[in-house]
Each structure stands twice: as C-alpha cells, then as structure tokens.
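K.L.:
So here's protein.cif, just mmCIF, C-alpha atoms (C1' of nucleotides):
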data_structure
loop_
_atom_site.label_atom_id
_atom_site.label_comp_id
_atom_site.auth_asym_id
_atom_site.auth_seq_id
_atom_site.Cartn_x
_atom_site.Cartn_y
_atom_site.Cartn_z
CA MET A 79 18.91 -13.28 45.67
CA ASP A 80 18.25 -16.90 44.77
CA ALA A 81 20.20 -17.61 41.63
CA GLU A 82 17.95 -20.49 40.61
CA LEU A 83 14.91 -18.28 40.83
CA ILE A 84 16.53 -15.65 38.66
CA LYS A 85 17.58 -18.24 36.11
CA ASN A 86 14.04 -19.48 35.95
CA ARG A 87 12.76 -15.99 35.48
CA PHE A 88 15.13 -15.58 32.59
CA LYS A 89 13.99 -18.83 31.04
CA ASP A 90 10.40 -17.72 31.38
CA PHE A 91 11.26 -14.41 29.80
CA LEU A 92 12.95 -16.09 26.85
CA ARG A 93 10.04 -18.46 26.35
CA SER A 94 7.55 -15.63 26.57
CA LYS A 95 9.41 -13.86 23.76
CA GLY A 96 9.73 -16.99 21.65
CA LYS A 97 13.50 -16.99 22.12
CA ASN A 98 15.58 -20.08 22.66
CA ILE A 99 17.15 -21.11 25.91
CA THR A 100 20.79 -21.67 25.00
CA PRO A 101 23.82 -22.68 27.03
CA GLU A 102 25.51 -19.40 26.05
CA ARG A 103 22.67 -17.32 27.49
CA MET A 104 22.49 -19.35 30.67
CA ASP A 105 26.27 -19.35 31.15
CA ILE A 106 26.38 -15.59 30.78
CA LEU A 107 23.57 -15.15 33.28
CA SER A 108 25.44 -17.44 35.70
CA GLU A 109 28.54 -15.33 35.37
CA VAL A 110 26.48 -12.18 35.96
CA LEU A 111 25.08 -13.73 39.12
CA ASN A 112 28.62 -14.55 40.25
CA GLN A 113 29.61 -10.91 40.22
CA LYS A 114 30.01 -9.17 43.54
CA GLY A 115 28.34 -5.79 43.45
CA HIS A 116 28.67 -3.67 40.33
CA PHE A 117 30.33 -4.97 37.21
CA LYS A 118 31.25 -3.89 33.73
CA ILE A 119 30.38 -5.71 30.57
CA GLU A 120 34.11 -6.09 29.88
CA ASP A 121 34.41 -8.13 33.09
CA ILE A 122 31.89 -10.58 31.70
CA ILE A 123 33.44 -10.62 28.24
CA LEU A 124 36.83 -11.44 29.75
CA LYS A 125 35.45 -14.21 31.96
CA MET A 126 33.51 -15.77 29.12
CA SER A 127 36.47 -15.69 26.78
CA GLU A 128 38.50 -17.59 29.40
CA ALA A 129 35.75 -20.07 30.24
CA LYS A 130 35.97 -23.74 29.33
CA ASN A 131 33.35 -23.05 26.67
CA PRO A 132 34.41 -19.62 25.48
CA ILE A 133 31.67 -17.29 24.33
CA SER A 134 32.19 -14.45 21.90
CA ARG A 135 32.00 -10.76 22.63
CA ALA A 136 29.00 -10.33 20.33
CA THR A 137 27.05 -12.98 22.17
CA VAL A 138 27.86 -11.44 25.54
CA TYR A 139 26.49 -8.12 24.33
CA ARG A 140 23.42 -9.78 22.90
CA SER A 141 22.72 -11.80 26.02
CA ILE A 142 23.32 -8.95 28.44
CA LYS A 143 20.78 -6.97 26.47
CA LYS A 144 18.28 -9.78 26.86
CA ILE A 145 18.94 -10.10 30.59
CA GLU A 146 18.37 -6.38 30.85
CA GLU A 147 15.14 -6.58 28.85
CA ALA A 148 14.02 -9.29 31.23
CA GLY A 149 14.40 -6.75 34.01
CA LEU A 150 17.03 -8.79 35.84
CA ILE A 151 19.86 -6.29 35.58
CA LYS A 152 20.19 -2.62 34.86
CA TYR A 153 22.99 -0.20 34.34
CA ILE A 154 24.04 3.07 35.87
CA ARG A 155 26.10 5.51 33.88
CA ILE A 156 28.76 6.68 36.27
CA SER A 157 30.53 8.94 33.81
CA ASN A 158 30.33 9.89 30.21
CA ASP A 159 32.05 6.73 29.12
CA GLU A 160 31.54 4.31 31.97
CA LYS A 161 28.55 2.09 32.51
CA VAL A 162 28.27 -0.36 35.36
CA TYR A 163 25.64 -3.03 35.72
CA GLU A 164 23.93 -4.24 38.83
CA ILE A 165 21.52 -7.02 39.56
CA GLN A 166 18.05 -5.59 39.81
CA THR A 167 16.60 -5.57 43.30
CA GLU A 168 14.16 -3.08 44.74
CA HIS A 169 14.32 0.41 43.33
CA HIS A 170 17.10 2.55 44.75
CA ASP A 171 19.18 5.58 43.93
CA HIS A 172 22.96 6.03 44.01
CA MET A 173 25.69 8.05 45.60
CA ILE A 174 28.95 7.84 43.69
CA CYS A 175 32.26 8.73 45.30
CA GLU A 176 34.23 10.88 42.90
CA LYS A 177 37.50 9.79 44.47
CA CYS A 178 37.33 6.03 44.99
CA GLY A 179 34.46 5.29 42.64
CA ASN A 180 32.52 3.45 45.29
CA ILE A 181 28.78 3.31 44.70
CA ILE A 182 26.40 3.55 47.63
CA GLU A 183 22.84 2.44 47.07
CA PHE A 184 20.07 4.04 49.03
CA HIS A 185 16.34 4.15 49.13
CA ASN A 186 14.29 6.82 50.81
CA GLU A 187 10.56 6.68 50.78
CA GLU A 188 10.13 10.34 51.63
CA LEU A 189 12.10 11.19 48.55
CA GLU A 190 9.86 9.05 46.38
CA ILE A 191 6.77 10.65 47.80
CA LEU A 192 8.14 14.11 47.24
CA GLN A 193 9.10 13.29 43.67
CA ASN A 194 5.60 12.08 42.95
CA ALA A 195 4.15 15.22 44.44
CA ILE A 196 6.40 17.36 42.25
CA CYS A 197 5.34 15.40 39.18
CA ARG A 198 1.70 15.88 40.05
CA SER A 199 2.21 19.62 40.23
CA PHE A 200 3.42 19.47 36.60
CA ALA A 201 0.68 17.04 35.56
CA PHE A 202 3.54 14.73 34.67
CA THR A 203 3.01 10.98 35.00
CA PRO A 204 6.25 9.43 36.24
CA HIS A 205 7.27 5.98 35.08
CA HIS A 206 10.71 5.73 36.56
CA HIS A 207 13.57 7.93 37.57
CA THR A 208 17.29 7.96 38.16
CA MET A 209 19.08 10.00 40.72
CA LYS A 210 22.81 10.11 41.19
CA ILE A 211 24.58 12.13 43.83
CA PHE A 212 28.27 12.68 43.19
CA GLY A 213 30.58 13.59 46.03
CA LEU A 214 32.94 12.07 48.59
CA CYS A 215 32.30 9.02 50.69
CA GLU A 216 33.16 8.94 54.38
CA LYS A 217 36.62 7.41 53.89
CA CYS A 218 37.67 9.72 51.09
CA LYS A 219 36.49 12.79 52.96
CA LYS A 220 39.17 12.32 55.60
CA MET B 1328 20.40 35.56 29.91
CA ASP B 1329 22.49 38.45 28.61
CA ALA B 1330 24.52 37.08 25.74
CA GLU B 1331 27.22 39.73 26.08
CA LEU B 1332 27.71 38.88 29.71
CA ILE B 1333 28.07 35.21 28.88
CA LYS B 1334 30.54 35.96 26.12
CA ASN B 1335 32.60 38.02 28.52
CA ARG B 1336 32.55 35.23 31.04
CA PHE B 1337 33.86 32.89 28.37
CA LYS B 1338 36.61 35.30 27.45
CA ASP B 1339 37.59 35.58 31.10
CA PHE B 1340 37.60 31.82 31.39
CA LEU B 1341 39.85 31.45 28.37
CA ARG B 1342 42.23 34.11 29.63
CA SER B 1343 42.31 32.53 33.08
CA LYS B 1344 43.37 29.26 31.51
CA GLY B 1345 45.94 30.87 29.22
CA LYS B 1346 43.88 29.93 26.17
CA ASN B 1347 43.40 32.15 23.17
CA ILE B 1348 40.25 34.00 22.28
CA THR B 1349 39.63 32.96 18.70
CA PRO B 1350 36.86 33.80 16.24
CA GLU B 1351 36.02 30.10 16.01
CA ARG B 1352 35.43 29.85 19.75
CA MET B 1353 33.38 33.01 19.89
CA ASP B 1354 31.32 32.09 16.83
CA ILE B 1355 30.50 28.72 18.32
CA LEU B 1356 29.46 30.31 21.60
CA SER B 1357 27.25 32.75 19.67
CA GLU B 1358 25.55 29.89 17.90
CA VAL B 1359 25.04 28.12 21.21
CA LEU B 1360 23.41 31.24 22.62
CA ASN B 1361 21.14 31.38 19.55
CA GLN B 1362 19.68 28.00 20.35
CA LYS B 1363 16.19 27.88 21.73
CA GLY B 1364 16.02 25.46 24.65
CA HIS B 1365 17.89 22.21 24.42
CA PHE B 1366 20.20 21.43 21.55
CA LYS B 1367 22.42 18.68 20.24
CA ILE B 1368 26.04 19.07 19.28
CA GLU B 1369 25.11 17.97 15.76
CA ASP B 1370 22.86 21.04 15.49
CA ILE B 1371 25.85 23.24 16.14
CA ILE B 1372 28.13 21.28 13.85
CA LEU B 1373 25.61 21.61 11.03
CA LYS B 1374 25.13 25.35 11.57
CA MET B 1375 28.85 26.00 11.73
CA SER B 1376 29.53 24.00 8.59
CA GLU B 1377 26.97 26.15 6.75
CA ALA B 1378 28.18 29.46 8.18
CA LYS B 1379 29.94 32.06 6.09
CA ASN B 1380 33.14 31.12 7.89
CA PRO B 1381 32.68 27.37 8.21
CA ILE B 1382 34.18 25.71 11.25
CA SER B 1383 35.17 22.07 11.38
CA ARG B 1384 33.55 19.35 13.40
CA ALA B 1385 36.70 18.85 15.48
CA THR B 1386 36.77 22.49 16.48
CA VAL B 1387 33.10 22.44 17.43
CA TYR B 1388 33.76 19.49 19.73
CA ARG B 1389 36.80 21.20 21.20
CA SER B 1390 35.02 24.50 21.76
CA ILE B 1391 31.87 22.98 23.21
CA LYS B 1392 34.08 21.21 25.70
CA LYS B 1393 35.67 24.50 26.67
CA ILE B 1394 32.30 26.22 27.03
CA GLU B 1395 31.26 23.34 29.23
CA GLU B 1396 34.43 23.61 31.32
CA ALA B 1397 33.68 27.28 31.74
CA GLY B 1398 30.41 26.25 33.36
CA LEU B 1399 28.30 27.98 30.73
CA ILE B 1400 26.56 24.91 29.36
CA LYS B 1401 25.98 21.37 30.51
CA TYR B 1402 24.49 18.27 29.05
CA ILE B 1403 21.79 15.88 30.06
CA ARG B 1404 21.85 12.33 28.83
CA ILE B 1405 18.33 11.59 27.76
CA SER B 1406 18.99 8.08 26.54
CA ASN B 1407 21.84 5.73 26.07
CA ASP B 1408 22.96 7.45 22.91
CA GLU B 1409 21.46 10.90 23.11
CA LYS B 1410 22.95 13.90 24.84
CA VAL B 1411 21.34 17.32 24.81
CA TYR B 1412 22.96 20.51 25.96
CA GLU B 1413 21.41 23.41 27.77
CA ILE B 1414 22.66 26.80 28.78
CA GLN B 1415 23.58 26.71 32.44
CA THR B 1416 21.25 28.63 34.69
CA GLU B 1417 20.41 27.86 38.32
CA HIS B 1418 20.54 24.22 39.30
CA HIS B 1419 17.50 22.23 38.32
CA ASP B 1420 16.40 18.70 37.63
CA HIS B 1421 14.52 17.25 34.67
CA MET B 1422 11.38 15.44 33.69
CA ILE B 1423 11.61 13.83 30.28
CA CYS B 1424 8.54 12.82 28.34
CA GLU B 1425 9.08 9.36 26.90
CA LYS B 1426 6.61 10.02 24.13
CA CYS B 1427 7.33 13.49 22.76
CA GLY B 1428 10.81 13.94 24.17
CA ASN B 1429 9.94 17.22 25.78
CA ILE B 1430 12.14 18.17 28.71
CA ILE B 1431 10.62 19.95 31.70
CA GLU B 1432 13.00 21.69 34.08
CA PHE B 1433 12.11 22.00 37.70
CA HIS B 1434 13.65 23.02 40.95
CA ASN B 1435 12.37 22.07 44.36
CA GLU B 1436 14.10 23.26 47.46
CA GLU B 1437 12.51 20.65 49.69
CA LEU B 1438 14.01 17.99 47.47
CA GLU B 1439 17.47 19.51 47.80
CA ILE B 1440 17.17 19.66 51.56
CA LEU B 1441 16.02 16.08 51.74
CA GLN B 1442 18.87 14.94 49.52
CA ASN B 1443 21.39 16.65 51.76
CA ALA B 1444 19.84 15.05 54.81
CA ILE B 1445 20.08 11.62 53.19
CA CYS B 1446 23.73 12.24 52.31
CA ARG B 1447 24.45 13.24 55.89
CA SER B 1448 23.00 10.00 57.14
CA PHE B 1449 25.57 8.17 54.99
CA ALA B 1450 28.39 10.56 55.95
CA PHE B 1451 28.54 11.32 52.24
CA THR B 1452 29.58 14.81 51.13
CA PRO B 1453 27.53 15.75 48.08
CA HIS B 1454 29.08 17.88 45.35
CA HIS B 1455 26.37 17.76 42.74
CA HIS B 1456 23.60 15.51 41.58
CA THR B 1457 21.46 14.67 38.61
CA MET B 1458 17.90 13.57 38.72
CA LYS B 1459 15.80 12.60 35.75
CA ILE B 1460 12.21 11.52 35.92
CA PHE B 1461 10.96 9.69 32.84
CA GLY B 1462 7.25 9.49 32.12
CA LEU B 1463 4.48 11.20 30.20
CA CYS B 1464 3.84 14.91 30.02
CA GLU B 1465 0.36 16.35 30.33
CA LYS B 1466 -0.32 16.42 26.58
CA CYS B 1467 0.95 12.94 25.90
CA LYS B 1468 -0.98 11.48 28.79
CA LYS B 1469 -4.29 12.23 27.10
"C1'" DA C 881 57.07 43.42 13.70
"C1'" DT C 882 58.74 38.93 15.37
"C1'" DA C 883 59.08 34.99 17.97
"C1'" DT C 884 56.58 31.71 20.50
"C1'" DA C 885 52.93 29.17 21.65
"C1'" DA C 886 48.23 27.88 20.73
"C1'" DT C 887 44.70 26.61 17.44
"C1'" DT C 888 42.68 24.89 13.37
"C1'" DG C 889 41.09 21.58 9.63
"C1'" DA C 890 41.03 17.25 7.51
"C1'" DG C 891 41.22 12.96 7.92
"C1'" DA C 892 42.85 9.03 10.66
"C1'" DT C 893 41.99 6.73 14.95
"C1'" DT C 894 39.74 5.03 18.92
"C1'" DT C 895 36.27 2.71 21.60
"C1'" DA C 896 31.94 0.74 22.55
"C1'" DT C 897 28.55 -1.47 20.34
"C1'" DT C 898 25.92 -3.43 16.56
"C1'" DC C 899 25.64 -5.80 12.26
"C1'" DT C 900 26.41 -9.50 8.66
"C1'" DC C 901 26.26 -13.99 7.18
"C1'" DA C 902 27.59 -18.67 6.95
"C1'" DA C 903 27.75 -22.47 10.09
"C1'" DT C 904 25.70 -24.44 14.08
"C1'" DT C 905 22.13 -25.53 17.34
"C1'" DA C 906 17.45 -25.43 19.48
"C1'" DT C 907 12.67 -26.28 18.79
"C1'" DT C 908 8.72 -28.01 16.46
"C1'" DC C 909 6.31 -31.22 13.80
"C1'" DT C 910 5.42 -35.57 12.23
"C1'" DA D 55 13.41 -40.31 17.05
"C1'" DG D 56 14.45 -37.69 12.80
"C1'" DA D 57 13.57 -34.04 9.52
"C1'" DA D 58 12.30 -29.42 8.72
"C1'" DT D 59 12.27 -24.80 10.33
"C1'" DA D 60 13.68 -21.07 12.78
"C1'" DA D 61 16.87 -18.98 15.98
"C1'" DT D 62 21.57 -18.33 17.53
"C1'" DT D 63 26.40 -18.12 17.35
"C1'" DG D 64 31.25 -16.55 16.16
"C1'" DA D 65 34.38 -13.82 13.67
"C1'" DG D 66 35.23 -10.05 11.76
"C1'" DA D 67 33.30 -5.99 9.32
"C1'" DA D 68 30.71 -1.86 10.10
"C1'" DT D 69 29.03 2.10 12.65
"C1'" DA D 70 28.98 6.29 15.26
"C1'" DA D 71 30.46 9.57 18.56
"C1'" DA D 72 34.32 11.61 20.07
"C1'" DT D 73 39.30 12.27 20.15
"C1'" DC D 74 43.79 12.56 18.16
"C1'" DT D 75 47.60 13.78 14.76
"C1'" DC D 76 50.22 16.96 12.46
"C1'" DA D 77 51.20 20.43 9.19
"C1'" DA D 78 49.53 24.95 8.23
"C1'" DT D 79 47.58 29.02 10.26
"C1'" DT D 80 46.66 32.48 13.72
"C1'" DA D 81 46.80 34.78 18.33
"C1'" DT D 82 49.55 36.81 21.88
"C1'" DA D 83 53.51 38.73 24.17
"C1'" DT D 84 57.84 41.06 23.57
#
How would this structure read if it were set down as structure tokens?
P.N.:
Amino acid sequence: MDAELIKNRFKDFLRSKGKNITPERMDILSEVLNQKGHFKIEDIILKMSEAKNPISRATVYRSIKKIEEAGLIKYIRISNDEKVYEIQTEHHDHMICEKCGNIIEFHNEELEILQNAICRSFAFTPHHHTMKIFGLCEKCKK
Amino acid sequence: MDAELIKNRFKDFLRSKGKNITPERMDILSEVLNQKGHFKIEDIILKMSEAKNPISRATVYRSIKKIEEAGLIKYIRISNDEKVYEIQTEHHDHMICEKCGNIIEFHNEELEILQNAICRSFAFTPHHHTMKIFGLCEKCKK
DNA sequence: ATATAATTGAGATTTATTCTCAATTATTCT
DNA sequence: AGAATAATTGAGAATAAATCTCAATTATAT
C-alpha cells in the first residue's frame, strides 16, 4: 500500500541481485504504483513514452519483468491474448466477468484448506495456484 | 473414449455450422485422437507434415480451432508460452509438476460446491473455471 | 454434372516480446 | 573526485505463435 515501502523493496531487490538502481526503473515502478486496479503493459508503455523523460518500450518490458521477479506485481491471463497486471498483495483468486471484463478478487480460506487436502491425497506438494472463475457479474446478469 | 463417436460428433458439429467435412479435418482429428495424454499443436503439425497426405500448418491451426469449438478438446496454459491440449472429458482441474512437467488431473465435488457458494456470495454467476496448482509431484519431491 | 460456396496451401503478416549492439550511465576502486 | 569497469538504455532488428490473403482446389447442393 505504501508506495515508498514498495520502492524500497524494489531497490533492495535490485541491490540483492547486483543490478543498478536507475531512474528508468524507478520511474516505471512509480507509474505502476499510480495505476488504479489492473493494468496492461501497453498502458505503462504509453505513459512512459509521453513522460517528460520518455522511456523506451524495451526498457518498460525489461523493468516490468524485474518488478515481477521482485514479487511486487504479477499478471493474470484473462484470455488467450490478454494479460493484465496487478500489484501484489495477499494471495487471492479471481472472478472475471465475461461481459464487462471486470475482475473481482476474492480470498477464501476454506478453499485453500481444501486445495491443500486434495494435494495431500495425491502426494503433491503445492507451491502456488491460480484459479479463475469466468461468468457474469451482478450488474451484467440483469 | 470411442474414437468413432467423437468423429461423428465432429461431423455433426461441422454440419450444424454449415462447414464441410473434409479429409484434412478428419485426418487431423484422427491424429488428435491418437495422442496419448496431453499434446502440443506442434506435435500435430509435425505428424501431419510427415503424413502420406501432408497437411499444412495453417490448416492444422484452423482445424484444431474447429475441434476446440466443437468442445472435443481444450487447452491448458502451463506457462507463459506453453499450451497443451487434452481431449475433453468430464470437467477437471490440474496439478502441474514444476520439475518434470507432469500434469495430474483431478476432480473434487466439494471444491465445485464451495466455488459455487463463493460465487453466490458475490452475486457472480459462474460459467466455467480453471484451476491450476503448481508444485512438485510425488516422484520429484524425493 | 454443374454451379456455388467453402477450404486449402504457401507464404506474407501480425502482435507481443525479446534480442543486438553501440552509446550512455551507474557503481566501484583508488 | 576521477578513472575504470560493468550494467543499462534506446532504436530497430529478430523471433515465434498464430492469423490472414488469395489463387487454386474440393465439397456440397441442385
């Protein structure tokens, strides 16, 4: 939530990997933190190309990848050719409205417990999971 | 399970859409039904290019799409740039071993019920969902 | 059989992303 | 602080999966 904290985490990540802290990387992270809700990489590319210190497409891709590696953002694939990013908070799953495209985040502890139980029954050691429910949100149902 | 049944379903689908039943489409479906477990579109493209009546890459893509539309196969995205297809059976979810790539299919009715309950609490009408659990399978754990 | 409409193959095109490499900039070492 | 070293950047080329184009071929309906 606190942008400064996140920026510091990113700096720490870069240092820990022996990577440089550059204005380009920090500017891109700032723009990411400015986004409301889910965003596409093209949104960031556009913003950065219009900024007072424009940053190239290649650098946006490279920096977004680093921010992702740092665990600060992640993406959800909402269709075969659409990825949207979100700032990483606690783990949650997604409901995606097939009509309006709205993405609802939810977390349900019972679900997590059940998933772990299912994994145990297969002697499978879970690391992480993704669950997406596609359907119609309340508004679009009407 | 019965290949002839599936082929007839595909023919019905094509007819219902006013599409032609062509040897290319039927040969590609046959090759799909020959696959053991999960397969990649490149596997099919390779096989068809080596067949006695070779079929082009474009036609494989077009036919696979039709077979998918007919509800006979579907794909799972196992990583950012890897899709694998499977023959459509009853609904199930997947566990994917991050080490050996093995895909375990599972179905759990409790999970489905819980998902529906969660959707209800958001006034969300679910149509379908995907769930993938990434981790280590029994063998790779050791 | 013929006419009409659909399909095919081959290669061009598209789109998202990554790569290349010379020029620039950050960091490290005195 | 300044030089040396290593990393990063921008611009455009390259890549890869999938789709499109269009003339030639084939399936279907009459």
K.L.:
Using Å and a single decimal, report how far CA of Ile1445 in chain B sits from CA of Glu188 in chain A.
P.N.:
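A separation of 10.2 Å between them.
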K.L.:
Report the residues retrieved by the PyMOL selection byres ((chain A) within 12 of (chain C)) from the displayed file, expressed as number ranges by chain.
P.N.:
A: 93, 96-102, 119-120, 135-140, 143, 159-161
K.L.:
Can you pull out every residue within 10 Å of Lys1363 in chain B, counting all atoms listed in the file, but drop anything in the same chain fewer than 3 positions away, and send it as a compact mmCIF listing (two decimals) with C-alpha atoms, in the coordinates of the input?
P.N.:
# COMPACT_ATOMS: atom_id res chain seq x y z
CA VAL B 1359 25.04 28.12 21.21
CA LEU B 1360 23.41 31.24 22.62
CA PHE B 1366 20.20 21.43 21.55
CA GLU B 1413 21.41 23.41 27.77
CA ILE B 1414 22.66 26.80 28.78
K.L.:
Could you list the residues in chain A lying within 9 Å of chain B, using all atoms listed in the file, and format the result as a ChimeraX atom specification?
P.N.:
/A:155,158,173,175,182,184,186,188-189,192-193,196-197,200-216,219
K.L.:
Taking all atoms listed in the file into account, find every residue of chain D that has an atom no more than 10 Å from chain A, and write it out as a PyMOL selection string.
P.N.:
chain D and resi 61-65
K.L.:
Each side padded by 8 Å, which centre and which edge lengths in Å (one decimal) define the axis-aligned box around the listed atoms of range 69-75 of chain D? Give them as JSON.
P.N.:
{"center_x": 38.3, "center_y": 7.9, "center_z": 16.4, "size_x": 34.6, "size_y": 27.7, "size_z": 23.5}
K.L.:
Can you tell me how far CA of Asn112 in chain A sits from CA of Asp80 in chain A, in Å to one decimal?
P.N.:
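So the answer is 11.6 Å.
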K.L.:
Just to confirm, what's the straight-line distance from CA of Ala148 in chain A to C1' of DT69 in chain D in Å (one decimal)?
P.N.:
26.5 Å
K.L.:
I need the residue set behind the PyMOL selection byres ((chain B and resi 1402) around 6) for this file; please write it as a list in words.
P.N.:
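Output of the PyMOL selection byres ((chain B and resi 1402) around 6): Lys1401, Ile1403, Val1411 and Tyr1412 of chain B.
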K.L.:
Given all atoms listed in the file as the basis, pick out the residue of A:Ile142, A:Ala195, A:Ile156, A:Ile84 nearest to Arg103 in chain A.
P.N.:
A:Ile142
K.L.:
Please write the residues picked by the PyMOL selection byres ((chain A and resi 109) around 10) on this file as a VMD selection string.
P.N.:
chain A and resid 104 to 108 110 to 113 121 to 123 125 to 126
